[in-house]
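A.B. asks: Below you'll find the structure I mean.
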Amino acid sequence: MKPFTFQQFTVNQSEDVFRVGTDGVLLGALANISDKKRILEVGTGSGLISLMLAQRNSDCQITAIDINEKAVLLAKGNFENSPFSDRLSVMQSDFKNFNDDEAYDLVVSNPPYFDENSSAKDAVARQKIELNFNDLIRKSSQLISDEGTFCVIIPFESGPGFISESRLQQFQLIRKVNIAGIIGSKPKRLILEFSKTEKVLIEEHLTIEKSPRQYSEQYIELTKDFHVFGK
């Protein structure tokens, strides 16, 4: 497959690994990484999100995990070929069984969100086969520090249930980004950020396109340090 070229790094892609997509770019650009030193990405795929976070925060060390061996090998190559290789590592792991002696300042994920179905295309990456929302939330609550955050991008309609389950794990919603595909449309994605410490909720709105295949000024500004058209 054709590599996806960003301004500071290139993401090689594979038919066997979920490709670069808008959801990953949005999470990589919007996740709050201020003062984050130790970051864990769950389900890294090609490594896109970890690469974006490494570009945005030169002080962080990022561990990326994926259950798919082919994804791990692909991300490893992408990390090694990037300017941030000394701050990125990847390993094959089932997140449900993942453990670390030291807490993380941020756990970030673009998780599978389709219920199990007959489609074979990107099944593990797209469907809740190996990892469902409840498992993701529960395990993340065990791995972040008291001042750490947990950040995901999910379908808009999944928001209420995800937030409710997060509360059961003592997570407080501190940021919510409503993402619409085009001006005038209903939101289709949510970026949610949680903390174990209660804070004032910040709610934001983002529209990706101002007209079909024409990016909005919001999106161009958000990704100006990544996409080649942002130069």
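Each chain of the structure tokens is named A, B, ... in the order shown, its residues numbered from 1; ligands are numbered from 1 in display order.
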List the neighbours of A:Glu217 out to 9 Å using only C-alpha atoms; skip same-chain residues closer than 6 positions along the sequence, and give me the result as a list in words.
C.D. replies: Thr207, Ile208, Glu209 and Lys210 of chain A
A.B. asks: Can I get the selection written as a short mmCIF file (atom, residue, chain, number, x, y, z; two decimals), in the first residue's frame, with C-alpha atoms?
C.D. replies:
```cif
data_model
loop_
_atom_site.label_atom_id
_atom_site.label_comp_id
_atom_site.auth_asym_id
_atom_site.auth_seq_id
_atom_site.Cartn_x
_atom_site.Cartn_y
_atom_site.Cartn_z
CA THR A 207 -16.39 20.40 11.97
CA ILE A 208 -14.13 18.56 9.55
CA GLU A 209 -15.45 19.84 6.20
CA LYS A 210 -17.07 23.13 5.18
#
```
A.B. asks: Which residues, written as an MDAnalysis selection string, have at least one atom at most 9 Å from stretch 69-77 of chain A, with only C-alpha atoms counted and residues fewer than 2 positions away on the same chain left out?
C.D. replies: chainID A and resid 11:14 16:18 43:48 64:67 79:82 88:93
A.B. asks: What parts of stretch 47-225 of chain A does DSSP call alpha helix (DSSP H)? I'd like the answer as a PyMOL selection string.
C.D. replies: chain A and resi 48-56+69-80+123-126+133-143+159-168+217-222
A.B. asks: Counting only C-alpha atoms, which of A:Gly148, A:Pro160, A:Gly28, A:Pro155 gets nearest to A:Ala180?
C.D. replies: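 Comparing A:Gly148, A:Pro160, A:Gly28, A:Pro155 against A:Ala180, the winner is A:Pro155.
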A.B. asks: Select, from A:Lys176, A:Lys196, A:Lys188, A:His205, the residue with the minimum atom-to-atom distance to A:Ser140, counting only C-alpha atoms.
C.D. replies: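 Ranked by minimum distance to A:Ser140, first place goes to A:Lys196.
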A.B. asks: Kindly indicate which residue among A:Asn132, A:Ser164, A:Ser195, A:Gln214 lies nearest to A:Ile144, using only C-alpha atoms for the distances.
C.D. replies: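 When distances to A:Ile144 are compared using only C-alpha atoms, the smallest one comes from A:Ser195.
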